[in-house]
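Take a look at the structure below.
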Protein chains: 2
Amino acid sequence: MAYDLILQNIAKHITLTTGETNHFISLLKPEAIKKKTILLREGQLCNNIYYVSSGILRAYHLDKDGKEATIMFALSDWWITDMFCFVNQQPAMLFIEAVENSAIVALQKKDLDNLFIEVPSFERFFRIIMQNAYVREQVRVIQNLSLSAEERYQHFINKYPQIVKQVTQKQIASYLGVTPEFLSSLRKKDK
Amino acid sequence: MAYDLILQNIAKHITLTTGETNHFISLLKPEAIKKKTILLREGQLCNNIYYVSSGILRAYHLDKDGKEATIMFALSDWWITDMFCFVNQQPAMLFIEAVENSAIVALQKKDLDNLFIEVPSFERFFRIIMQNAYVREQVRVIQNLSLSAEERYQHFINKYPQIVKQVTQKQIASYLGVTPEFLSSLRKKDK
DNA sequence: ACAGATTCTTAATCTACCTTAATTCCATTG
DNA sequence: CAATGGAATTAAGGTAGATTAAGAATCTGT
């Protein structure tokens, strides 16, 4: 059924009783969303964290010149939100959009806050999720500071071959912090 | 006493019983370390997470050309470790050194793992610590992608005036991802 | 208090990556 | 299936920031 994947995702880190599982499921809002649907816009309140069941989402920031910076891609089995704004209930800095038709599961901030109290093992689950996310971003900072654009591109295609298949080069360029023109010239050199 | 600060730090997010507090304290190893002491070197196992009681630590990465990239500064009341290597028990990618004489409290990986089981509210505490660390790194990625070196420097001195007083310009340059020469020229322009 | 080592500054030169613009290639929609 | 608009490519010219080198300022250890 529709909740299989998300329950397996959770079972990687914690064990729930049947009652806890049912309570958790009662909080979830599954949704099928079309390609290009925008789930969150800059300036809005960010009330949801999303689990991606299938498809792929992208979070990006628009700078003062209207240039996009891709903050993350979320493939199937990933969690995504504008964490700063979700946690602090501030207006969003990020846009979150579906790159392809996707199936997602939404969990609301207030429900998650209650869940932490009612089922404390979710503290462990999200501690691990946050820990992994922190490590990921830290490695990215290291790479941004110490590698050339070409090296970052090579790492990206090795680490995320699946993403390379599903998104445009323009989006990859905006993740790496280069222009699409420059990425194109790197790819040409490669061959 | 010596544990006041760290207990206050924890009390911001969770409440402990007297027994839990004593158990927690029994796991801590306070240390006074001199300026330039290196607590962790690249390639070593990273068995400790450090709480900074006073002074300031710095985590940095050395790239293949021997160039330093500063990953974080930890002022008093901050937690710091090479999180990837601490969590996954892999050889460290980072060096951690004391920028000034500092007082720190070390907590070992195995003790923290047990603490999560014996005092589950520490899951909440570290969930929040990890969440904040994730958000911080994500904001840094956004700024690296969408701001010029000059804008990043302005943000840095506004956000961390205390750090500016305690570290060299060379270290700030390596945090911002520019050369000390270029940072110097930015500072000149400013006035 | 001095010598040696870092750090900071300045300036000239260089380069990785950007900007602009034109052309081709797709994918979506009517 | 034609039309349209975005994506990718190519190329010329431009700039933020790197590199190199040298001198001045500051810190460190004895």
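A note on labels: chains of the structure tokens are A, B, ... as shown, every chain counts residues from 1, and ligands are counted from 1 in their shown order.
Using only C-alpha atoms (C1' of nucleotides), the residues found no farther than 12 Å from DA12 of chain D, other than those of its own chain fewer than 6 positions away, are DT19, DT20, DA21 and DA22 of chain C.
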Least-squares align chain A to chain B using all Cα atoms paired by position, then dump the moved coordinates as an mmCIF file with C-alpha atoms, in the first residue's frame.
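Final output, out12.cif:
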data_model
loop_
_atom_site.group_PDB
_atom_site.id
_atom_site.type_symbol
_atom_site.label_atom_id
_atom_site.label_comp_id
_atom_site.auth_asym_id
_atom_site.auth_seq_id
_atom_site.Cartn_x
_atom_site.Cartn_y
_atom_site.Cartn_z
ATOM 1 C CA MET A 1 31.653 24.590 39.048
ATOM 2 C CA ALA A 2 33.201 23.309 35.870
ATOM 3 C CA TYR A 3 29.997 21.820 34.487
ATOM 4 C CA ASP A 4 27.704 24.796 34.952
ATOM 5 C CA LEU A 5 27.933 26.018 31.381
ATOM 6 C CA ILE A 6 27.390 22.702 29.659
ATOM 7 C CA LEU A 7 24.403 21.924 31.911
ATOM 8 C CA GLN A 8 22.858 25.287 31.096
ATOM 9 C CA ASN A 9 23.435 24.555 27.415
ATOM 10 C CA ILE A 10 21.497 21.327 27.749
ATOM 11 C CA ALA A 11 18.782 22.882 29.909
ATOM 12 C CA LYS A 12 17.908 25.158 26.985
ATOM 13 C CA HIS A 13 16.303 22.163 25.299
ATOM 14 C CA ILE A 14 15.625 19.332 27.765
ATOM 15 C CA THR A 15 15.060 18.788 31.485
ATOM 16 C CA LEU A 16 17.074 16.147 33.332
ATOM 17 C CA THR A 17 16.511 14.511 36.729
ATOM 18 C CA THR A 18 19.312 14.762 39.281
ATOM 19 C CA GLY A 19 20.239 11.142 38.593
ATOM 20 C CA GLU A 20 20.399 11.736 34.849
ATOM 21 C CA THR A 21 22.475 14.853 35.376
ATOM 22 C CA ASN A 22 24.962 12.970 37.534
ATOM 23 C CA HIS A 23 25.176 10.117 35.075
ATOM 24 C CA PHE A 24 25.791 12.566 32.236
ATOM 25 C CA ILE A 25 28.492 14.389 34.202
ATOM 26 C CA SER A 26 30.242 11.101 34.937
ATOM 27 C CA LEU A 27 30.821 10.673 31.188
ATOM 28 C CA LEU A 28 32.470 14.056 30.643
ATOM 29 C CA LYS A 29 36.204 14.678 30.390
ATOM 30 C CA PRO A 30 37.029 18.349 30.940
ATOM 31 C CA GLU A 31 40.351 19.548 29.553
ATOM 32 C CA ALA A 32 42.316 22.782 29.431
ATOM 33 C CA ILE A 33 44.121 23.052 26.116
ATOM 34 C CA LYS A 34 46.749 25.478 24.958
ATOM 35 C CA LYS A 35 46.560 27.636 21.865
ATOM 36 C CA LYS A 36 47.535 25.685 18.706
ATOM 37 C CA THR A 37 46.886 22.289 20.304
ATOM 38 C CA ILE A 38 45.518 19.943 17.672
ATOM 39 C CA LEU A 39 42.681 17.820 19.056
ATOM 40 C CA LEU A 40 42.066 15.869 15.861
ATOM 41 C CA ARG A 41 44.156 15.251 12.757
ATOM 42 C CA GLU A 42 43.090 14.123 9.308
ATOM 43 C CA GLY A 43 43.182 10.341 9.088
ATOM 44 C CA GLN A 44 42.720 9.710 12.823
ATOM 45 C CA LEU A 45 39.624 8.120 14.262
ATOM 46 C CA CYS A 46 37.356 10.759 15.706
ATOM 47 C CA ASN A 47 36.073 9.399 19.005
ATOM 48 C CA ASN A 48 35.020 12.630 20.684
ATOM 49 C CA ILE A 49 32.554 15.417 20.384
ATOM 50 C CA TYR A 50 33.685 18.591 22.145
ATOM 51 C CA TYR A 51 31.750 21.244 24.010
ATOM 52 C CA VAL A 52 33.656 24.540 24.236
ATOM 53 C CA SER A 53 33.450 26.067 27.737
ATOM 54 C CA SER A 54 35.790 28.953 26.916
ATOM 55 C CA GLY A 55 38.156 29.969 24.146
ATOM 56 C CA ILE A 56 37.681 29.066 20.504
ATOM 57 C CA LEU A 57 38.310 26.012 18.323
ATOM 58 C CA ARG A 58 38.573 25.788 14.542
ATOM 59 C CA ALA A 59 37.876 22.863 12.200
ATOM 60 C CA TYR A 60 39.599 22.896 8.826
ATOM 61 C CA HIS A 61 40.282 20.707 5.848
ATOM 62 C CA LEU A 62 43.568 20.513 3.921
ATOM 63 C CA ASP A 63 43.101 20.063 0.184
ATOM 64 C CA LYS A 64 45.473 18.230 -2.158
ATOM 65 C CA ASP A 65 47.580 21.405 -2.629
ATOM 66 C CA GLY A 66 47.907 21.919 1.124
ATOM 67 C CA LYS A 67 45.458 24.824 1.141
ATOM 68 C CA GLU A 68 43.297 25.191 4.261
ATOM 69 C CA ALA A 69 39.497 25.472 4.106
ATOM 70 C CA THR A 70 38.008 26.486 7.454
ATOM 71 C CA ILE A 71 34.807 24.529 7.998
ATOM 72 C CA MET A 72 33.741 26.038 11.291
ATOM 73 C CA PHE A 73 34.764 28.091 14.277
ATOM 74 C CA ALA A 74 33.401 26.986 17.655
ATOM 75 C CA LEU A 75 33.122 29.762 20.212
ATOM 76 C CA SER A 76 32.324 29.195 23.825
ATOM 77 C CA ASP A 77 28.991 27.336 24.280
ATOM 78 C CA TRP A 78 29.266 25.572 20.887
ATOM 79 C CA TRP A 79 29.610 21.844 20.121
ATOM 80 C CA ILE A 80 32.155 20.691 17.541
ATOM 81 C CA THR A 81 33.486 17.510 15.978
ATOM 82 C CA ASP A 82 34.168 16.016 12.551
ATOM 83 C CA MET A 83 30.562 14.816 12.433
ATOM 84 C CA PHE A 84 30.884 12.508 9.431
ATOM 85 C CA CYS A 85 33.798 10.667 10.943
ATOM 86 C CA PHE A 86 32.387 10.717 14.474
ATOM 87 C CA VAL A 87 29.095 9.219 13.344
ATOM 88 C CA ASN A 88 30.452 6.694 10.856
ATOM 89 C CA GLN A 89 33.717 5.959 12.660
ATOM 90 C CA GLN A 90 35.743 6.713 9.557
ATOM 91 C CA PRO A 91 39.172 8.404 9.408
ATOM 92 C CA ALA A 92 38.827 12.163 9.911
ATOM 93 C CA MET A 93 38.731 14.588 6.974
ATOM 94 C CA LEU A 94 39.189 17.534 9.302
ATOM 95 C CA PHE A 95 41.721 18.962 11.688
ATOM 96 C CA ILE A 96 40.404 20.516 14.893
ATOM 97 C CA GLU A 97 42.702 22.953 16.676
ATOM 98 C CA ALA A 98 42.541 25.482 19.491
ATOM 99 C CA VAL A 99 42.812 29.012 18.129
ATOM 100 C CA GLU A 100 43.335 30.267 21.697
ATOM 101 C CA ASN A 101 43.857 28.674 25.092
ATOM 102 C CA SER A 102 40.525 26.981 25.671
ATOM 103 C CA ALA A 103 38.559 24.931 28.168
ATOM 104 C CA ILE A 104 36.643 22.077 26.595
ATOM 105 C CA VAL A 105 34.574 19.090 27.653
ATOM 106 C CA ALA A 106 34.979 15.868 25.689
ATOM 107 C CA LEU A 107 32.269 13.241 25.288
ATOM 108 C CA GLN A 108 33.152 9.899 23.735
ATOM 109 C CA LYS A 109 31.193 8.301 20.875
ATOM 110 C CA LYS A 110 30.556 5.066 22.809
ATOM 111 C CA ASP A 111 29.363 6.991 25.863
ATOM 112 C CA LEU A 112 27.040 9.113 23.759
ATOM 113 C CA ASP A 113 25.616 6.011 22.067
ATOM 114 C CA ASN A 114 24.862 4.537 25.483
ATOM 115 C CA LEU A 115 23.498 7.817 26.748
ATOM 116 C CA PHE A 116 20.916 7.842 23.955
ATOM 117 C CA ILE A 117 19.642 4.520 25.263
ATOM 118 C CA GLU A 118 19.856 5.257 28.982
ATOM 119 C CA VAL A 119 18.550 8.832 28.824
ATOM 120 C CA PRO A 120 16.388 9.084 25.693
ATOM 121 C CA SER A 121 15.778 12.804 26.138
ATOM 122 C CA PHE A 122 19.332 13.265 24.832
ATOM 123 C CA GLU A 123 17.938 12.135 21.486
ATOM 124 C CA ARG A 124 15.817 15.273 21.556
ATOM 125 C CA PHE A 125 18.759 17.404 22.619
ATOM 126 C CA PHE A 126 20.999 16.194 19.826
ATOM 127 C CA ARG A 127 18.120 16.226 17.330
ATOM 128 C CA ILE A 128 17.901 19.965 17.966
ATOM 129 C CA ILE A 129 21.680 20.438 17.879
ATOM 130 C CA MET A 130 21.895 18.580 14.548
ATOM 131 C CA GLN A 131 18.904 20.470 13.170
ATOM 132 C CA ASN A 132 20.546 23.800 13.969
ATOM 133 C CA ALA A 133 23.843 22.650 12.502
ATOM 134 C CA TYR A 134 22.103 21.495 9.312
ATOM 135 C CA VAL A 135 20.303 24.821 8.944
ATOM 136 C CA ARG A 136 23.558 26.713 9.497
ATOM 137 C CA GLU A 137 25.386 24.758 6.805
ATOM 138 C CA GLN A 138 22.482 25.083 4.395
ATOM 139 C CA VAL A 139 22.411 28.845 4.791
ATOM 140 C CA ARG A 140 26.145 28.849 4.182
ATOM 141 C CA VAL A 141 25.713 26.857 0.959
ATOM 142 C CA ILE A 142 23.065 29.350 -0.209
ATOM 143 C CA GLN A 143 25.393 32.240 0.526
ATOM 144 C CA ASN A 144 28.379 30.583 -1.151
ATOM 145 C CA LEU A 145 26.269 30.076 -4.275
ATOM 146 C CA SER A 146 24.549 33.439 -4.441
ATOM 147 C CA LEU A 147 26.772 36.101 -2.887
ATOM 148 C CA SER A 148 30.073 37.693 -3.900
ATOM 149 C CA ALA A 149 33.118 37.403 -1.641
ATOM 150 C CA GLU A 150 32.553 40.956 -0.465
ATOM 151 C CA GLU A 151 28.927 40.259 0.513
ATOM 152 C CA ARG A 152 29.918 37.054 2.301
ATOM 153 C CA TYR A 153 32.495 38.990 4.290
ATOM 154 C CA GLN A 154 29.930 41.595 5.314
ATOM 155 C CA HIS A 155 27.496 38.887 6.436
ATOM 156 C CA PHE A 156 30.260 37.172 8.369
ATOM 157 C CA ILE A 157 31.289 40.206 10.381
ATOM 158 C CA ASN A 158 27.653 41.024 11.132
ATOM 159 C CA LYS A 159 26.790 37.489 12.183
ATOM 160 C CA TYR A 160 29.969 36.612 14.073
ATOM 161 C CA PRO A 161 31.502 39.837 15.450
ATOM 162 C CA GLN A 162 32.981 37.845 18.320
ATOM 163 C CA ILE A 163 34.853 35.510 15.992
ATOM 164 C CA VAL A 164 36.283 38.469 14.064
ATOM 165 C CA LYS A 165 37.944 39.620 17.298
ATOM 166 C CA GLN A 166 39.488 36.241 18.059
ATOM 167 C CA VAL A 167 40.878 34.822 14.824
ATOM 168 C CA THR A 168 43.292 35.983 12.137
ATOM 169 C CA GLN A 169 42.200 37.392 8.787
ATOM 170 C CA LYS A 170 43.910 34.471 7.133
ATOM 171 C CA GLN A 171 41.527 32.135 8.949
ATOM 172 C CA ILE A 172 38.493 34.230 8.040
ATOM 173 C CA ALA A 173 39.642 34.246 4.403
ATOM 174 C CA SER A 174 39.862 30.453 4.430
ATOM 175 C CA TYR A 175 36.320 30.295 5.891
ATOM 176 C CA LEU A 176 34.970 32.589 3.168
ATOM 177 C CA GLY A 177 36.832 30.771 0.411
ATOM 178 C CA VAL A 178 39.124 33.596 -0.693
ATOM 179 C CA THR A 179 42.850 34.273 -0.379
ATOM 180 C CA PRO A 180 44.140 36.454 2.472
ATOM 181 C CA GLU A 181 45.413 38.910 -0.178
ATOM 182 C CA PHE A 182 41.977 39.324 -1.684
ATOM 183 C CA LEU A 183 40.315 39.719 1.725
ATOM 184 C CA SER A 184 42.853 42.389 2.552
ATOM 185 C CA SER A 185 41.932 44.290 -0.615
ATOM 186 C CA LEU A 186 38.212 44.065 0.274
ATOM 187 C CA ARG A 187 38.870 45.509 3.716
ATOM 188 C CA LYS A 188 40.853 48.362 2.227
ATOM 189 C CA LYS A 189 38.023 49.267 -0.155
ATOM 190 C CA ASP A 190 35.553 49.315 2.750
ATOM 191 C CA LYS A 191 37.099 52.298 4.450
#
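Candidate residues D:DG17, D:DG6, D:DT30, D:DA24 were compared for distance to chain B, and the nearest is D:DG17, using only C-alpha atoms (C1' of nucleotides).
The spacing separating atom C1' of DC2 of chain C from atom C1' of DA21 of chain D amounts to 27.0 Å.
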Give the residues of chain C that lie within 9 Å of chain B; count only C-alpha atoms (C1' of nucleotides), and format the answer as a PyMOL selection string. chain C and resi 7-10
Mind running chain D against chain A at 8 Å and telling me each contacting residue's nearest atom pair with the distance in Å (one decimal), counting only C-alpha atoms (C1' of nucleotides), chain and number ascending, as a tab-separated table?
residue	atom	partner	partner_atom	distance
D:DA7	C1'	A:Lys170	CA	7.6
D:DA8	C1'	A:Ser184	CA	7.4
D:DT9	C1'	A:Ser184	CA	7.0
Got time to write the residues from that selection, C-alpha atoms (C1' of nucleotides), as a PDB file, in the first residue's frame?
ATOM      1  C1'  DA D   7      17.562  23.776 -22.989  1.00  0.00           C
ATOM      2  C1'  DA D   8      22.026  23.023 -24.781  1.00  0.00           C
ATOM      3  C1'  DT D   9      25.977  24.455 -27.455  1.00  0.00           C
TER       4       DT D   9
END
Please identify the strand (DSSP E or B) residues within segment 6-166 of chain A (assignment by DSSP from backbone atoms) and present them as JSON, numbers by chain. {"A": [29, 30, 31, 32, 33, 38, 39, 40, 45, 48, 49, 50, 51, 52, 53, 54, 57, 58, 59, 60, 61, 62, 68, 69, 70, 71, 72, 73, 74, 79, 80, 91, 95, 96, 97, 98, 102, 103, 104, 105, 106, 107, 108]}
Atomic distance atom C1' of DT24 of chain C - atom C1' of DA11 of chain D, expressed in Å with one decimal: 14.2 Å
Would you compute the distance between atom C1' of DC1 of chain D and atom C1' of DT29 of chain C? Give it in Å to one decimal. 11.5 Å
Can you pull out every residue from segment 57-150 of chain A that DSSP, working from the backbone, puts in helix (DSSP H, G or I), and format the result as a PyMOL selection string? chain A and resi 83-88+109-118+121-146+149-150
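Within the 12 Å cut-off around DA12 of chain C, using only C-alpha atoms (C1' of nucleotides) and omitting residues fewer than 5 positions from it on the same chain, the listed residues are DT19, DT20, DA21 and DA22 of chain D.
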How about saving the chosen residues, C-alpha atoms (C1' of nucleotides) kept, as a PDB file, in the first residue's frame?
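Listed below is the output, out-v7.pdb:
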ATOM      1  C1'  DT D  19      49.020  33.899  -7.969  1.00  0.00           C
ATOM      2  C1'  DT D  20      53.400  35.703  -7.234  1.00  0.00           C
ATOM      3  C1'  DA D  21      56.547  38.576  -5.063  1.00  0.00           C
ATOM      4  C1'  DA D  22      58.217  41.927  -1.959  1.00  0.00           C
TER       5       DA D  22
END
Can you list, as a PyMOL selection string, every protein, DNA or RNA residue that comes within 12 Å of DG30 of chain C when you count only C-alpha atoms (C1' of nucleotides), leaving out same-chain residues fewer than 5 positions away? chain D and resi 1-4
Go ahead and write the residues just picked, N, CA and C atoms (P, O5', C5', C4', C3', O3' and C1' of nucleotides), as a compact mmCIF listing (two decimals), in the first residue's frame.
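Full text of result.txt as output:
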# COMPACT_ATOMS: atom_id res chain seq x y z
P DC D 1 1.86 14.35 -39.26
O5' DC D 1 0.92 15.62 -39.30
C5' DC D 1 0.89 16.90 -39.85
C4' DC D 1 1.52 17.97 -38.99
C3' DC D 1 3.06 17.92 -38.90
O3' DC D 1 3.58 19.24 -39.05
C1' DC D 1 2.16 18.16 -36.78
P DA D 2 3.56 20.00 -40.42
O5' DA D 2 3.39 21.51 -39.91
C5' DA D 2 2.10 21.91 -39.48
C4' DA D 2 2.18 23.08 -38.53
C3' DA D 2 3.44 23.93 -38.66
O3' DA D 2 3.02 25.29 -38.58
C1' DA D 2 3.30 23.02 -36.45
P DA D 3 3.98 26.50 -38.52
O5' DA D 3 3.90 26.87 -36.97
C5' DA D 3 2.62 26.90 -36.32
C4' DA D 3 2.83 27.28 -34.86
C3' DA D 3 3.92 28.34 -34.65
O3' DA D 3 3.50 29.18 -33.60
C1' DA D 3 4.50 26.38 -33.49
P DT D 4 4.15 30.65 -33.34
O5' DT D 4 4.65 30.57 -31.83
C5' DT D 4 3.85 29.87 -30.85
C4' DT D 4 4.77 29.34 -29.79
C3' DT D 4 5.93 30.27 -29.42
O3' DT D 4 5.74 30.64 -28.06
C1' DT D 4 6.62 28.01 -29.58
